[in-house]
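Engineer: What follows is coords.cif, mmCIF, C-alpha atoms.
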data_protein
loop_
_atom_site.label_atom_id
_atom_site.label_comp_id
_atom_site.auth_asym_id
_atom_site.auth_seq_id
_atom_site.Cartn_x
_atom_site.Cartn_y
_atom_site.Cartn_z
CA MET A 1 0.00 0.00 0.00
CA THR A 2 1.24 3.48 -0.84
CA GLY A 3 0.21 6.55 1.12
CA PRO A 4 -1.49 6.70 4.51
CA ARG A 5 -3.96 4.03 5.57
CA THR A 6 -7.63 5.10 5.60
CA VAL A 7 -9.56 3.78 8.60
CA LEU A 8 -13.22 4.11 9.58
CA ILE A 9 -13.92 3.75 13.30
CA THR A 10 -17.49 3.48 14.54
CA GLY A 11 -18.18 4.70 18.05
CA ALA A 12 -15.20 7.04 17.92
CA THR A 13 -16.32 9.74 20.36
CA ASP A 14 -15.74 7.94 23.66
CA GLY A 15 -13.43 5.53 25.43
CA HIS A 16 -11.73 2.87 23.38
CA GLY A 17 -12.81 4.19 19.96
CA ARG A 18 -11.68 7.73 20.72
CA ALA A 19 -8.33 6.60 22.11
CA LEU A 20 -7.75 4.37 19.09
CA ALA A 21 -8.49 7.30 16.80
CA HIS A 22 -5.91 9.44 18.61
CA ARG A 23 -3.24 6.75 18.34
CA LEU A 24 -3.85 6.21 14.63
CA ALA A 25 -3.94 9.96 13.94
CA ALA A 26 -0.54 10.35 15.63
CA GLU A 27 0.81 7.84 13.09
CA GLY A 28 -0.55 9.77 10.13
CA THR A 29 -3.58 7.58 9.42
CA THR A 30 -6.40 9.16 7.43
CA LEU A 31 -9.45 8.82 9.69
CA ILE A 32 -13.19 8.72 9.17
CA LEU A 33 -14.95 8.93 12.52
CA HIS A 34 -18.49 7.85 13.30
CA GLY A 35 -20.54 8.93 16.28
CA ARG A 36 -24.16 9.37 17.34
CA ASP A 37 -23.86 12.78 18.99
CA PRO A 38 -22.93 15.49 16.45
CA ASP A 39 -21.43 17.82 19.05
CA LYS A 40 -19.19 15.14 20.57
CA LEU A 41 -18.24 14.03 17.09
CA ALA A 42 -17.17 17.54 16.09
CA ARG A 43 -15.21 18.01 19.34
CA THR A 44 -13.42 14.70 18.84
CA ALA A 45 -12.35 15.66 15.33
CA ASP A 46 -11.22 19.10 16.51
CA ASP A 47 -9.24 17.60 19.40
CA ILE A 48 -7.47 15.14 17.09
CA GLN A 49 -6.59 17.89 14.62
CA THR A 50 -5.18 20.09 17.38
CA ALA A 51 -3.37 17.38 19.33
CA HIS A 52 -1.61 15.81 16.36
CA ARG A 53 -1.41 18.74 13.93
CA VAL A 54 -3.10 16.73 11.20
CA SER A 55 -5.95 17.35 8.80
CA ARG A 56 -9.29 17.26 10.56
CA PRO A 57 -10.79 13.76 10.30
CA ARG A 58 -13.95 13.31 8.32
CA ILE A 59 -16.95 12.86 10.58
CA MET A 60 -20.09 10.80 10.00
CA GLN A 61 -23.11 11.08 12.28
CA ALA A 62 -25.57 8.19 12.53
CA ASP A 63 -27.68 6.44 15.14
CA LEU A 64 -26.94 2.75 14.68
CA ALA A 65 -30.26 1.84 16.29
CA GLU A 66 -31.90 2.66 12.93
CA LEU A 67 -30.87 0.66 9.87
CA ALA A 68 -31.81 3.49 7.49
CA GLN A 69 -29.14 5.61 9.18
CA VAL A 70 -26.62 2.75 8.87
CA ARG A 71 -27.31 2.65 5.12
CA ARG A 72 -26.86 6.41 4.94
CA LEU A 73 -23.59 6.14 6.86
CA ALA A 74 -22.23 3.65 4.31
CA SER A 75 -23.31 5.92 1.47
CA ASP A 76 -21.71 8.96 3.11
CA VAL A 77 -18.42 7.13 3.59
CA GLN A 78 -18.34 6.10 -0.06
CA ALA A 79 -19.05 9.69 -1.07
CA VAL A 80 -15.94 11.05 0.68
CA THR A 81 -13.30 8.42 -0.07
CA ASP A 82 -12.31 6.15 -2.92
CA ARG A 83 -10.47 3.75 -0.60
CA LEU A 84 -11.02 2.16 2.79
CA ASP A 85 -8.22 0.06 4.19
CA VAL A 86 -9.78 -0.84 7.54
CA LEU A 87 -13.26 -0.87 9.05
CA VAL A 88 -13.19 -0.98 12.85
CA SER A 89 -16.67 -1.95 14.02
CA ASN A 90 -16.40 -0.64 17.55
CA ALA A 91 -19.70 1.08 18.41
CA GLY A 92 -21.99 -0.64 20.85
CA ILE A 93 -23.96 -0.59 24.06
CA GLY A 94 -23.29 -2.62 27.19
CA ALA A 95 -25.23 -5.08 29.31
CA GLY A 96 -26.77 -2.53 31.69
CA HIS A 97 -26.48 1.15 32.51
CA PRO A 98 -26.50 3.74 30.98
CA ASP A 99 -28.78 1.95 28.48
CA GLY A 100 -30.82 0.05 31.06
CA ARG A 101 -31.26 -3.63 31.86
CA THR A 102 -34.78 -4.09 30.56
CA ARG A 103 -35.66 -5.19 27.05
CA ARG A 104 -35.88 -2.35 24.54
CA THR A 105 -36.27 -2.28 20.78
CA SER A 106 -34.61 -0.37 17.97
CA ALA A 107 -36.29 1.93 15.47
CA ASP A 108 -36.83 -1.15 13.30
CA GLY A 109 -38.44 -3.14 16.10
CA TYR A 110 -35.44 -5.39 16.85
CA GLU A 111 -34.00 -6.12 20.29
CA LEU A 112 -31.81 -3.10 20.90
CA ARG A 113 -28.49 -4.71 21.81
CA PHE A 114 -28.71 -7.16 18.93
CA ALA A 115 -29.57 -4.26 16.61
CA VAL A 116 -26.82 -1.86 17.70
CA ASN A 117 -24.00 -4.23 18.60
CA TYR A 118 -24.48 -6.70 15.77
CA LEU A 119 -26.96 -5.91 12.99
CA ALA A 120 -25.70 -2.36 12.43
CA GLY A 121 -22.12 -3.55 11.96
CA PHE A 122 -23.28 -6.47 9.83
CA LEU A 123 -25.15 -4.16 7.44
CA LEU A 124 -22.41 -1.52 7.41
CA THR A 125 -19.86 -4.20 6.54
CA LEU A 126 -21.96 -5.53 3.66
CA ASP A 127 -22.57 -2.05 2.27
CA LEU A 128 -18.88 -1.08 2.50
CA LEU A 129 -17.57 -4.40 1.22
CA PRO A 130 -17.23 -3.27 -2.43
CA LEU A 131 -15.09 -0.32 -1.29
CA LEU A 132 -12.99 -2.54 0.98
CA ARG A 133 -12.45 -5.05 -1.82
CA ARG A 134 -11.34 -2.30 -4.20
CA SER A 135 -8.84 -1.23 -1.52
CA ALA A 136 -7.33 -4.71 -1.09
CA PRO A 137 -5.60 -5.83 0.99
CA ALA A 138 -8.14 -4.50 3.50
CA ARG A 139 -9.18 -5.46 7.01
CA ILE A 140 -12.38 -5.70 9.03
CA VAL A 141 -11.91 -5.61 12.80
CA ASN A 142 -14.93 -6.38 15.00
CA VAL A 143 -14.61 -5.22 18.59
CA ALA A 144 -16.45 -8.05 20.33
CA SER A 145 -16.07 -9.46 23.84
CA ILE A 146 -15.06 -12.52 25.83
CA GLY A 147 -18.52 -12.15 27.41
CA GLN A 148 -20.58 -14.32 25.06
CA HIS A 149 -23.93 -16.10 25.25
CA PRO A 150 -25.17 -18.80 22.85
CA LEU A 151 -27.81 -17.66 20.39
CA ASP A 152 -31.30 -19.12 20.48
CA LEU A 153 -31.89 -19.06 16.75
CA GLY A 154 -35.60 -19.52 17.37
CA ASP A 155 -35.71 -16.40 19.56
CA LEU A 156 -33.03 -14.02 18.31
CA MET A 157 -34.91 -11.03 19.73
CA ILE A 158 -35.00 -12.63 23.21
CA GLU A 159 -38.70 -12.25 23.76
CA ARG A 160 -38.42 -14.95 26.45
CA GLY A 161 -36.02 -14.93 29.39
CA TYR A 162 -34.52 -11.51 28.67
CA SER A 163 -31.60 -10.03 30.54
CA GLY A 164 -29.18 -7.33 29.51
CA THR A 165 -26.25 -9.67 30.10
CA ARG A 166 -27.73 -12.35 27.87
CA ALA A 167 -28.59 -9.83 25.16
CA TYR A 168 -25.11 -8.32 25.22
CA GLY A 169 -23.40 -11.72 25.16
CA GLN A 170 -25.60 -12.88 22.28
CA SER A 171 -24.84 -9.76 20.25
CA LYS A 172 -21.10 -10.19 20.74
CA LEU A 173 -21.14 -13.88 19.81
CA ALA A 174 -23.18 -12.97 16.73
CA GLN A 175 -20.41 -10.55 15.73
CA ILE A 176 -17.83 -13.30 16.01
CA MET A 177 -19.95 -15.91 14.22
CA SER A 178 -20.74 -13.67 11.25
CA GLY A 179 -17.07 -12.66 11.14
CA PHE A 180 -16.10 -16.32 10.85
CA GLU A 181 -18.73 -16.81 8.16
CA LEU A 182 -17.69 -13.75 6.15
CA ALA A 183 -14.03 -14.76 6.38
CA GLN A 184 -14.93 -18.07 4.73
CA ARG A 185 -16.64 -16.22 1.90
CA LEU A 186 -13.79 -13.79 1.14
CA PRO A 187 -10.22 -14.40 -0.03
CA GLY A 188 -7.92 -13.54 2.87
CA ALA A 189 -5.54 -11.83 0.47
CA GLU A 190 -8.36 -9.44 -0.39
CA VAL A 191 -10.14 -8.69 2.92
CA THR A 192 -9.43 -10.19 6.33
CA VAL A 193 -12.11 -10.43 9.01
CA ASN A 194 -11.15 -10.79 12.67
CA SER A 195 -12.81 -10.15 16.03
CA LEU A 196 -11.33 -9.45 19.42
CA HIS A 197 -11.91 -8.91 23.09
CA PRO A 198 -9.63 -5.86 23.43
CA ALA A 199 -9.42 -5.77 27.23
CA THR A 200 -11.46 -6.50 30.35
CA TYR A 201 -13.53 -3.74 31.94
CA MET A 202 -11.69 -0.76 30.52
CA PRO A 203 -12.62 2.57 32.20
CA THR A 204 -15.14 3.49 29.50
CA LYS A 205 -18.43 5.29 30.01
CA ILE A 206 -20.33 1.99 29.70
CA VAL A 207 -18.18 0.11 32.20
CA LEU A 208 -18.03 2.88 34.81
CA ALA A 209 -21.79 3.47 34.63
CA GLU A 210 -22.53 -0.22 35.15
CA ILE A 211 -19.88 -1.57 37.55
CA GLY A 212 -18.10 1.55 38.81
CA HIS A 213 -14.52 0.32 38.44
CA HIS A 214 -12.12 -0.97 35.82
CA ILE A 215 -9.56 -3.77 35.49
CA ASP A 216 -7.56 -3.14 32.32
CA SER A 217 -6.66 0.29 30.95
CA ILE A 218 -7.94 1.84 27.76
CA ASP A 219 -4.36 1.73 26.47
CA ASP A 220 -4.42 -2.07 26.88
CA GLY A 221 -7.48 -2.29 24.66
CA VAL A 222 -6.15 0.19 22.13
CA SER A 223 -2.90 -1.74 21.78
CA ALA A 224 -4.74 -4.99 21.05
CA THR A 225 -7.05 -3.40 18.48
CA HIS A 226 -4.26 -1.34 16.93
CA ARG A 227 -2.37 -4.58 16.26
CA LEU A 228 -5.23 -5.97 14.15
CA VAL A 229 -5.56 -2.66 12.31
CA THR A 230 -1.90 -2.09 11.45
CA ASP A 231 0.48 -4.96 12.23
CA ASP A 232 2.07 -6.68 9.25
CA ALA A 233 2.35 -9.82 11.38
CA VAL A 234 -1.41 -10.38 11.03
CA ALA A 235 -1.64 -9.53 7.33
CA GLY A 236 -3.58 -12.35 5.71
CA VAL A 237 -4.75 -13.75 9.07
CA THR A 238 -8.53 -14.11 8.91
CA GLY A 239 -11.46 -15.77 10.59
CA ARG A 240 -9.99 -15.56 14.09
CA PHE A 241 -11.01 -14.39 17.54
CA PHE A 242 -8.41 -12.83 19.81
CA ASP A 243 -8.46 -12.35 23.56
CA ARG A 244 -6.38 -9.17 23.57
CA THR A 245 -3.53 -10.41 21.33
CA ARG A 246 -3.93 -14.14 21.98
CA ASP A 247 -5.59 -16.24 19.29
CA THR A 248 -8.30 -18.04 21.23
CA ARG A 249 -11.57 -19.91 20.85
CA PRO A 250 -14.91 -18.19 21.38
CA ASN A 251 -18.09 -19.99 22.47
CA ILE A 252 -18.35 -23.38 20.76
CA GLN A 253 -21.46 -22.28 18.84
CA ALA A 254 -19.19 -20.16 16.62
CA TYR A 255 -17.76 -23.39 15.15
CA GLY A 256 -21.14 -24.82 14.16
CA GLU A 257 -21.40 -24.40 10.39
CA GLN A 258 -25.17 -24.86 10.45
CA ALA A 259 -25.64 -22.27 13.21
CA ARG A 260 -23.40 -19.76 11.41
CA ALA A 261 -25.21 -20.27 8.11
CA GLU A 262 -28.60 -19.86 9.79
CA LEU A 263 -27.49 -16.67 11.55
CA TRP A 264 -26.17 -15.35 8.25
CA ARG A 265 -29.45 -16.13 6.47
CA ARG A 266 -31.55 -14.58 9.20
CA SER A 267 -29.32 -11.51 9.38
CA LEU A 268 -29.66 -10.90 5.65
CA GLU A 269 -33.43 -11.05 6.02
CA LEU A 270 -33.41 -8.65 8.98
CA VAL A 271 -31.40 -6.02 7.07
CA ASP A 272 -33.37 -6.57 3.86
CA ARG A 273 -30.43 -8.05 1.96
CA ALA A 274 -31.74 -11.59 1.36
CA GLY A 275 -30.64 -12.92 -2.00
CA VAL A 276 -28.11 -10.13 -2.57
CA PRO A 277 -24.65 -11.63 -3.34
CA LEU A 278 -21.45 -10.35 -1.73
#
Show the structure stored in the file as structure tokens.

Structural biologist:
Amino acid sequence: MTGPRTVLITGATDGHGRALAHRLAAEGTTLILHGRDPDKLARTADDIQTAHRVSRPRIMQADLAELAQVRRLASDVQAVTDRLDVLVSNAGIGAGHPDGRTRRTSADGYELRFAVNYLAGFLLTLDLLPLLRRSAPARIVNVASIGQHPLDLGDLMIERGYSGTRAYGQSKLAQIMSGFELAQRLPGAEVTVNSLHPATYMPTKIVLAEIGHHIDSIDDGVSATHRLVTDDAVAGVTGRFFDRTRDTRPNIQAYGEQARAELWRRSLELVDRAGVPL
């Protein structure tokens, strides 16, 4: 690749996403930043420009709880760049506060954590895939979690036995499973697809609101994610799940070909992409 790497980070206005953006900007990366709050998004871009004396990152506002806005986000990204080297699917909501522990639904009527943490990234990835493939070798990095819960494929929206922890864990395992499935469908020399648990209980807004303390630092998480974004040592590595930097195994359901294929089929239907080839 010649010239600076172009990276899109979703959820770039707080915590891990914001810190990752700062680290990449300091290295000269061309950034496209996504956020839900337009004011925070603008401040983040201004802070990065000032701190690193670089061109102001492009900013893209969208609420990932509405699939129409996810589609618009993909269109906006394609309107401002002719290459995308890395998509970091980082945006998400946690298992409890500040988003609550009770079952809620997205603008499209889907269980909220499944919609924001998984379906939004799934659709954004599909819509940006042509741009990523034209930018080969490109990378998709899904910021998932070691906190996983098996999917009930007959009740993806958890209408029975709901808890925030279960919903969060299901959404994160869905990320990993669809990442494995997409990696099988794409040449690794063209686009790699990997997921990771960047760190445990970083001091992010979500973690502090829910449990009030942290274990790992944000720098720990940024270092692990940065490796998948930039390190030549993982070029061509695809279809993996990493616990920080350690290649590890997620929940056993991720290795069930039938379960992955069914999740993929259902996901395409939910985002109105059934029958559309990659």

Engineer: Please expand the PyMOL selection byres ((chain A and resi 138) around 6) into the concrete residues it hits in this file, giving the result as a PDB file with C-alpha atoms, keeping the file's coordinate frame.

Structural biologist:
ATOM      1  CA  ASP A  85      -8.220   0.060   4.190  1.00  0.00           C
ATOM      2  CA  VAL A  86      -9.780  -0.840   7.540  1.00  0.00           C
ATOM      3  CA  LEU A 132     -12.990  -2.540   0.980  1.00  0.00           C
ATOM      4  CA  ALA A 136      -7.330  -4.710  -1.090  1.00  0.00           C
ATOM      5  CA  PRO A 137      -5.600  -5.830   0.990  1.00  0.00           C
ATOM      6  CA  ARG A 139      -9.180  -5.460   7.010  1.00  0.00           C
ATOM      7  CA  VAL A 191     -10.140  -8.690   2.920  1.00  0.00           C
TER       8      VAL A 191
END

Engineer: Measuring between all atoms listed in the file, which one of A:Arg36, A:Arg5, A:Arg104, A:His149 shows the shortest distance to Thr81 in chain A?

Structural biologist: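 Answer, going by the shortest atom-to-atom distance: A:Arg5.
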
Engineer: Compare A:Ala79, A:Leu20, A:Ala26, A:Leu124 by their minimum atom-to-atom distance to Ala62 in chain A, counting all atoms listed in the file, and give me the closest one.

Structural biologist: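 That would be A:Leu124, the residue with the smallest distance to Ala62 in chain A.
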
Engineer: When you count only C-alpha atoms, which of these residues is closest to Gly94 in chain A: A:Phe242, A:Phe122, A:Phe114, A:Tyr168?

Structural biologist: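 Between A:Phe242, A:Phe122, A:Phe114, A:Tyr168, the residue approaching Gly94 in chain A most closely is A:Tyr168.
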
Engineer: Could you work out how far CA of Gly188 in chain A lies from CA of Arg113 in chain A, giving the answer in Å with one decimal?

Structural biologist: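 CA of Arg113 in chain A sits 29.3 Å away from CA of Gly188 in chain A.
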
Engineer: Would you mind telling me which residue in A:Ser145, A:Ser267, A:Ser163, A:Thr44 lies nearest to Leu31 in chain A when using only C-alpha atoms?

Structural biologist: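 Residue with the minimum atom-to-atom distance to Leu31 in chain A: A:Thr44.
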
Engineer: Written as number ranges by chain, which residues does the PyMOL selection byres ((chain A and resi 146) around 10) give for the file shown?

Structural biologist: A: 144-145, 147-149, 169, 172-173, 196-200, 241-244, 248-251

Engineer: What's around Thr13 in chain A at 10 Å? Count only C-alpha atoms, leave out sequence neighbours fewer than 6 positions away in its own chain, and write the answer as a list in words.

Structural biologist: Ala19, Ala21, Leu33, His34, Gly35, Arg36, Asp37, Pro38, Asp39, Lys40, Leu41, Ala42, Arg43, Thr44, Ala45 and Ala91 of chain A

Engineer: Would you mind putting back N, CA and C atoms on range 38-53 of chain A, then writing it out as a PDB file, in the coordinates of the input?

Structural biologist:
ATOM      1  N   PRO A  38     -23.688  14.622  17.364  1.00  0.00           N
ATOM      2  CA  PRO A  38     -22.930  15.490  16.450  1.00  0.00           C
ATOM      3  C   PRO A  38     -21.966  16.432  17.147  1.00  0.00           C
ATOM      4  N   ASP A  39     -22.321  16.904  18.331  1.00  0.00           N
ATOM      5  CA  ASP A  39     -21.430  17.820  19.050  1.00  0.00           C
ATOM      6  C   ASP A  39     -20.171  17.086  19.527  1.00  0.00           C
ATOM      7  N   LYS A  40     -20.348  15.924  20.122  1.00  0.00           N
ATOM      8  CA  LYS A  40     -19.190  15.140  20.570  1.00  0.00           C
ATOM      9  C   LYS A  40     -18.327  14.730  19.390  1.00  0.00           C
ATOM     10  N   LEU A  41     -18.967  14.416  18.291  1.00  0.00           N
ATOM     11  CA  LEU A  41     -18.240  14.030  17.090  1.00  0.00           C
ATOM     12  C   LEU A  41     -17.368  15.175  16.596  1.00  0.00           C
ATOM     13  N   ALA A  42     -17.934  16.372  16.539  1.00  0.00           N
ATOM     14  CA  ALA A  42     -17.170  17.540  16.090  1.00  0.00           C
ATOM     15  C   ALA A  42     -16.019  17.844  17.049  1.00  0.00           C
ATOM     16  N   ARG A  43     -16.274  17.743  18.364  1.00  0.00           N
ATOM     17  CA  ARG A  43     -15.210  18.010  19.340  1.00  0.00           C
ATOM     18  C   ARG A  43     -14.084  16.989  19.215  1.00  0.00           C
ATOM     19  N   THR A  44     -14.435  15.738  18.991  1.00  0.00           N
ATOM     20  CA  THR A  44     -13.420  14.700  18.840  1.00  0.00           C
ATOM     21  C   THR A  44     -12.523  14.993  17.647  1.00  0.00           C
ATOM     22  N   ALA A  45     -13.136  15.346  16.526  1.00  0.00           N
ATOM     23  CA  ALA A  45     -12.350  15.660  15.330  1.00  0.00           C
ATOM     24  C   ALA A  45     -11.466  16.876  15.556  1.00  0.00           C
ATOM     25  N   ASP A  46     -12.007  17.897  16.222  1.00  0.00           N
ATOM     26  CA  ASP A  46     -11.220  19.100  16.510  1.00  0.00           C
ATOM     27  C   ASP A  46     -10.048  18.777  17.435  1.00  0.00           C
ATOM     28  N   ASP A  47     -10.301  17.962  18.458  1.00  0.00           N
ATOM     29  CA  ASP A  47      -9.240  17.600  19.400  1.00  0.00           C
ATOM     30  C   ASP A  47      -8.120  16.832  18.710  1.00  0.00           C
ATOM     31  N   ILE A  48      -8.482  15.920  17.819  1.00  0.00           N
ATOM     32  CA  ILE A  48      -7.470  15.140  17.090  1.00  0.00           C
ATOM     33  C   ILE A  48      -6.648  16.053  16.186  1.00  0.00           C
ATOM     34  N   GLN A  49      -7.312  16.964  15.501  1.00  0.00           N
ATOM     35  CA  GLN A  49      -6.590  17.890  14.620  1.00  0.00           C
ATOM     36  C   GLN A  49      -5.598  18.733  15.414  1.00  0.00           C
ATOM     37  N   THR A  50      -6.035  19.230  16.564  1.00  0.00           N
ATOM     38  CA  THR A  50      -5.180  20.090  17.380  1.00  0.00           C
ATOM     39  C   THR A  50      -4.038  19.304  18.032  1.00  0.00           C
ATOM     40  N   ALA A  51      -4.361  18.152  18.586  1.00  0.00           N
ATOM     41  CA  ALA A  51      -3.370  17.380  19.330  1.00  0.00           C
ATOM     42  C   ALA A  51      -2.251  16.843  18.449  1.00  0.00           C
ATOM     43  N   HIS A  52      -2.594  16.493  17.214  1.00  0.00           N
ATOM     44  CA  HIS A  52      -1.610  15.810  16.360  1.00  0.00           C
ATOM     45  C   HIS A  52      -1.194  16.631  15.137  1.00  0.00           C
ATOM     46  N   ARG A  53      -1.757  17.844  15.033  1.00  0.00           N
ATOM     47  CA  ARG A  53      -1.410  18.740  13.930  1.00  0.00           C
ATOM     48  C   ARG A  53      -1.587  18.043  12.580  1.00  0.00           C
TER      49      ARG A  53
END
